[in-house]
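A quick write-up on the structure given underneath.
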Amino acid sequence: MKKKLVVIGAGMASGRMLEQIFETAPDAYDVTLFNAEPRGNYNRLMLSPVLSGEKTYDQIVTHDADWYAAHGVDCRFGQSVVRIDRDRRVVHSNQSSAEYDALVIATGSAPFIIPVPGKDLPGVVAYRDLEDTQAMMDTAGKDAVVIGGGLLGLEAAAGMAARGARVTVIHLMGHLMERQLDPAAGYLLQKDLEKRGIKVHCKGATKAILGSDRAEAVLLEDGTVYPADLVCMAVGIRPETRLANDAHLEVERGIVVDDAMRTSDPHVFALGECVEHRGQLFGLVAPLYDQAKVLAKTLLDQVAEFSPVQTATKLKVTGCDLFSAGDFADGDGREDIVFRDPGRGIYKRLVLQDNRIIGVVMYGDTADGSWFYGLLKDGTDIEAMRETLIFGPAFQGGASLDPMAAVAALPPEAEICGCNGVSKGSIMDAVAGGACTLDQMRACTKASASCGTCTGLVQQVMAFALGGEVVDAPAGMCKCTDHTHEDVRRLIRAMGLKSIPAVMQELGWKSVGGCHSCRPALNYYLLAEYPLEYSDDRQSRFVNERNHANIQKDGTYSVVPRMWGGVTTPAELRAIADAAEKYDVPMVKVTGGQRIDLLGVRKEDLPHMWSDLNAAGLVSGHAYSKGLRTVKTCVGKEFCRVGTQDSTGLGIKLEKLMWGSWTPHKLKLGVSGCPRNCAEATCKDIGIVCVDSGYNISIGGAAGMEVKETEHLAATPSEDEAIQIVLAVTQLYREHGKYLDRIWKWMAKVGLDWIKSQVVDDLDNRAALVARFEISQSVYRRDPWADLSTPAETPKWAPLADLTLEAAE
């Protein structure tokens, strides 16, 4: 006869315990599961991506109704347990009761609400469950204040900021996440958050939450007032022990359990954030999952002991890479190894004692976090690698190895997935057993199935186990083919394919004629590979490129004449004004790229306007193209008292050399005459900042949906060499970039060091790249307005007429 198991709390810890029981002995227990929330187990670690809009609730559900039904679980969701009768072994909720042979208390933790006036007002929430998350999702365009600058508070702040809220974080201590970070890393974190528009107020003590019917503002002890339509309290958690206290179980800070997760009652067990084990509380998921494994074995009469291990901290905020483990406080007999790269926002600190790592703090580059964490946990003597230790596993032995060699150097017991305690050896064994995709690995070992921050490392280990084969290869470039963009481009070159029909025929396209996704990409790859032999297929371009103007939401178009380097003349301005009046243009606007945009042009007027502008000497600004858009300049030394070089002249030279060039995505340049950077060169695809000694060239900036600062590529005293470097890196991007990838995405794939080796270090290769660029320009650098007398016809093969350039991006 089955025993009766009652579980209070359907969280991640109890869910993992039930998984272990059902996998090992599915017929051992009849399970009754109470949960105060009206739902079952979901991945609470992923509430932050739900808040920010990266995931939906359905995507983070770990046990759905079908799972519970398949295992015969009596689910009593939405029922709060009010009393445990230990004498009769009965659990009473506000709606029902259930008898037990064994009881598991997994009530988790409760948020700590600071006792200030206004704490009970509507609009004041914690951040513990889906309801809290949903409240914070409705903050677009509103003011939100987060009280608490720890892990949870910062994830809440970043999520609401991503939703469009104006967010302020108030933190009592001197720097953010002081329990996990030292002041230097805390500073970098604050700097990154402020770049996202999140205001951070450290050393701020909350005095009251102001408002009458609901929260309206937060008042600090120093008199500062921050407006708040919503206030999120994220100052800490406390074990939820009320049921255990009422049942007269032994409770200290948490419900006291032994190594088998048994409470002071031999029939009652506990796990999760509500427990205290050997004086220690637990708030991270990895030890909770270890508890679940131990308790499952205990309930199945197997011997197991919970022995907590050192845990690491990672922040789940997109773009903020942070890793922390161990003890990094100052102390006698300790020494620090610190690596700083302020330009890239990278900081690494190792705390050593007796030739062993006892603390790790990393910000900006956390790729080696698991390796350092393994050395810390194992107490490895690092004396032999002391000189190169800070540079990670790839540099041990004095030479730089590739990432796969670093993975190979990890011992089998090295922990890869901290949340689920999955080692390198377990992943290797799973691959040997047939788990060859990431989804299969997650199903088999649960590696990367929780917070997801270890996914890249899991994939590297799998790739190593598979002999270098691609793990979870990206999907085909569209539904028409299983080939990736990289495969198609490589095969075009290897097989000498010189037309779209040839590519589709030889590579086995699934649909005749292709689609609106693959045809523009194929057209670009062929154009870039064979500029002298391939004829541009206008029907394989997006509607904006076919009509040489940007379609607007009302079906009209915008026309942007080119102004070299942002410089114009009275005659050009008169021509633009005449065209605006003649064709009844509803708006004439100066663009951010130092051009003039004629908005609201009717399609039937386009060819006539093109003709008029051409006659005045104006050519297309290519504002619609996957190609060079603008070269933004400041006035430079010719007029400005602090200018160091002729930035305007250089910008004009570059634009006249590069206009009309097609690239994988739009290409924006900036040339600033001095480090004051009035032309915003450091957020362009390619930027040049003029200095007294010459020209600093950087690449990979962005100022759209992604905001990125450029990274330094080269410095030169020569204007001619600066031009050559810009042309060469553009051609390298044209030849290797994936269609619709901006330079920063391409750079992330190939690495800045490789780009430097091709463009800066290898002068012969640079010259060859420039020569190929010039060959391409000799064919395609022409004004498209001058080539057309009638608007482009809608192609007959695909629905491109309905696809705007913006939609494609």
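Quick note on naming: the chains in the structure tokens go A, B, ... in the order shown, residues restart at 1 in each chain, and ligands are numbered from 1 in order of appearance.
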Test item, strand (DSSP E or B) assignment across stretch 552-736 of chain A, answer as a count of residues only: 51
DSSP-assigned alpha helix (DSSP H) among stretch 78-234 of chain A, expressed as a PyMOL selection string: chain A and resi 130-137+151-162+183-195
Which residue of A:Asp332, A:Glu216, A:Asp30, A:Glu721 approaches A:Asp101 most closely, using only C-alpha atoms: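 With only C-alpha atoms as the atom set, the closest residue is A:Asp30.
Counting only C-alpha atoms, A:Ala408 has the following residues at most 10 Å away, ignoring those fewer than 6 positions along the same chain: Pro393, Ala394, Lys424, Gln460, Val461, Phe464 and Ala465 of chain A.
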Quick one: residues within 12 Å of A:Arg340, only C-alpha atoms, excluding same-chain residues fewer than 2 positions away - as a JSON list (two decimals) with C-alpha atoms, in the first residue's frame?
[["chain", "number", "residue", "atom", "x", "y", "z"],
["A", 184, "ALA", "CA", 35.23, 48.55, -7.52],
["A", 185, "ALA", "CA", 32.88, 46.02, -9.09],
["A", 188, "LEU", "CA", 31.09, 49.31, -12.57],
["A", 337, "ILE", "CA", 45.37, 39.84, -7.88],
["A", 338, "VAL", "CA", 43.45, 42.51, -9.81],
["A", 342, "PRO", "CA", 38.40, 50.54, -17.80],
["A", 343, "GLY", "CA", 37.86, 51.06, -21.51],
["A", 344, "ARG", "CA", 35.92, 47.82, -21.81],
["A", 345, "GLY", "CA", 34.44, 47.94, -18.32],
["A", 346, "ILE", "CA", 36.21, 44.74, -17.23],
["A", 347, "TYR", "CA", 37.29, 44.11, -13.65],
["A", 348, "LYS", "CA", 38.59, 40.87, -12.12],
["A", 349, "ARG", "CA", 39.78, 40.30, -8.57],
["A", 350, "LEU", "CA", 41.09, 37.16, -6.96],
["A", 361, "VAL", "CA", 34.83, 38.93, -8.13],
["A", 362, "MET", "CA", 34.44, 39.40, -11.90],
["A", 363, "TYR", "CA", 32.59, 42.06, -13.87],
["A", 364, "GLY", "CA", 32.32, 42.58, -17.62],
["A", 365, "ASP", "CA", 34.01, 39.29, -18.56],
["A", 390, "ILE", "CA", 44.27, 36.05, -13.43],
["A", 391, "PHE", "CA", 44.20, 35.37, -17.19]]
Atom pair atom CA of A:Ala575 / atom CA of A:Arg782: separation (Å): 20.6 Å
Contacts of stretch 454-459 of chain A at 7 Å (only C-alpha atoms; same-chain gap of 3+ positions) as number ranges by chain: A: 416-417, 448, 462-463, 471
Selection near A:Pro122, 9 Å with only C-alpha atoms, sequence-local residues under 6 positions removed, as a ChimeraX atom specification: /A:213-215,230
Take the residues that were just selected and, keeping C-alpha atoms, output them as a PDB file, in the first residue's frame.
ATOM      1  CA  ASP A 213      -5.016  56.413  -1.700  1.00  0.00           C
ATOM      2  CA  ARG A 214      -1.898  54.748  -3.114  1.00  0.00           C
ATOM      3  CA  ALA A 215       1.872  55.177  -3.272  1.00  0.00           C
ATOM      4  CA  LEU A 230       5.018  51.843  -7.859  1.00  0.00           C
TER       5      LEU A 230
END
Among the residues A:Ile697, A:Met233, A:Val145, A:Leu243, the one that comes closest to A:Lys199 [using only C-alpha atoms]: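 Counting only C-alpha atoms, the residue closest to A:Lys199 is A:Val145.
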Selection near A:Ile60, 12 Å with only C-alpha atoms, sequence-local residues under 3 positions removed, as a VMD selection string: chain A and resid 12 40 to 51 54 to 57 63 to 64 130 449 to 452
What are the closest atom pairs, with distances in Å to one decimal, for each residue of stretch 610-650 of chain A lying within 10 Å of stretch 692-696 of chain A, using only C-alpha atoms, rows by chain and rising residue number, as a tab-separated table?
residue	atom	partner	partner_atom	distance
A:Gly643	CA	A:Asp692	CA	8.8
A:Thr644	CA	A:Asp692	CA	5.4
A:Gln645	CA	A:Gly694	CA	7.5
A:Ser647	CA	A:Tyr695	CA	9.7
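The space between atom CA of A:Val257 and atom CA of A:Phe269 spans 7.4 Å.
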One-decimal distance in Å that lies between atom CA of A:Trp746 and atom CA of A:Cys674: 27.8 Å
Best match for closeness to A:Met173 among A:Ile114, A:Ile596, A:Val200, A:Cys436, counting only C-alpha atoms: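 Counting only C-alpha atoms, the residue closest to A:Met173 is A:Val200.
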Distance criterion (only C-alpha atoms): nearest to A:Arg86 out of A:Glu506, A:Asp246, A:Glu178, A:Asp341: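 The shortest atom-to-atom distance to A:Arg86 comes from A:Asp246.
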Enumerate, in order of chain and increasing residue number, the residues of stretch 509-582 of chain A with an atom no farther than 9 Å from stretch 628-631 of chain A, each with its shortest atom pair and distance in Å to one decimal, counting only C-alpha atoms, as CSV.
residue,atom,partner,partner_atom,distance
A:Arg562,CA,A:Thr630,CA,8.0
A:Met563,CA,A:Thr630,CA,8.4
A:Trp564,CA,A:Val631,CA,7.6
A:Gly565,CA,A:Val631,CA,5.3
A:Gly566,CA,A:Val631,CA,7.3
Output file for the residues above (C-alpha atoms, as an mmCIF file, in the first residue's frame):
data_model
loop_
_atom_site.group_PDB
_atom_site.id
_atom_site.type_symbol
_atom_site.label_atom_id
_atom_site.label_comp_id
_atom_site.auth_asym_id
_atom_site.auth_seq_id
_atom_site.Cartn_x
_atom_site.Cartn_y
_atom_site.Cartn_z
ATOM 1 C CA ARG A 562 22.978 63.109 -49.632
ATOM 2 C CA MET A 563 24.982 65.941 -48.093
ATOM 3 C CA TRP A 564 28.660 65.076 -48.112
ATOM 4 C CA GLY A 565 29.857 65.008 -44.511
ATOM 5 C CA GLY A 566 26.783 66.992 -43.474
#
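Remark: for A:Ser672, the closest of the candidate residues A:Pro227, A:Val635, A:Ala702, A:Asn765 is A:Val635 (distances computed over only C-alpha atoms).
The shortest atom-to-atom distance to A:Ala443, with only C-alpha atoms taken into account, belongs to A:Thr62 out of A:Thr62, A:Glu709, A:Leu491, A:Leu727.
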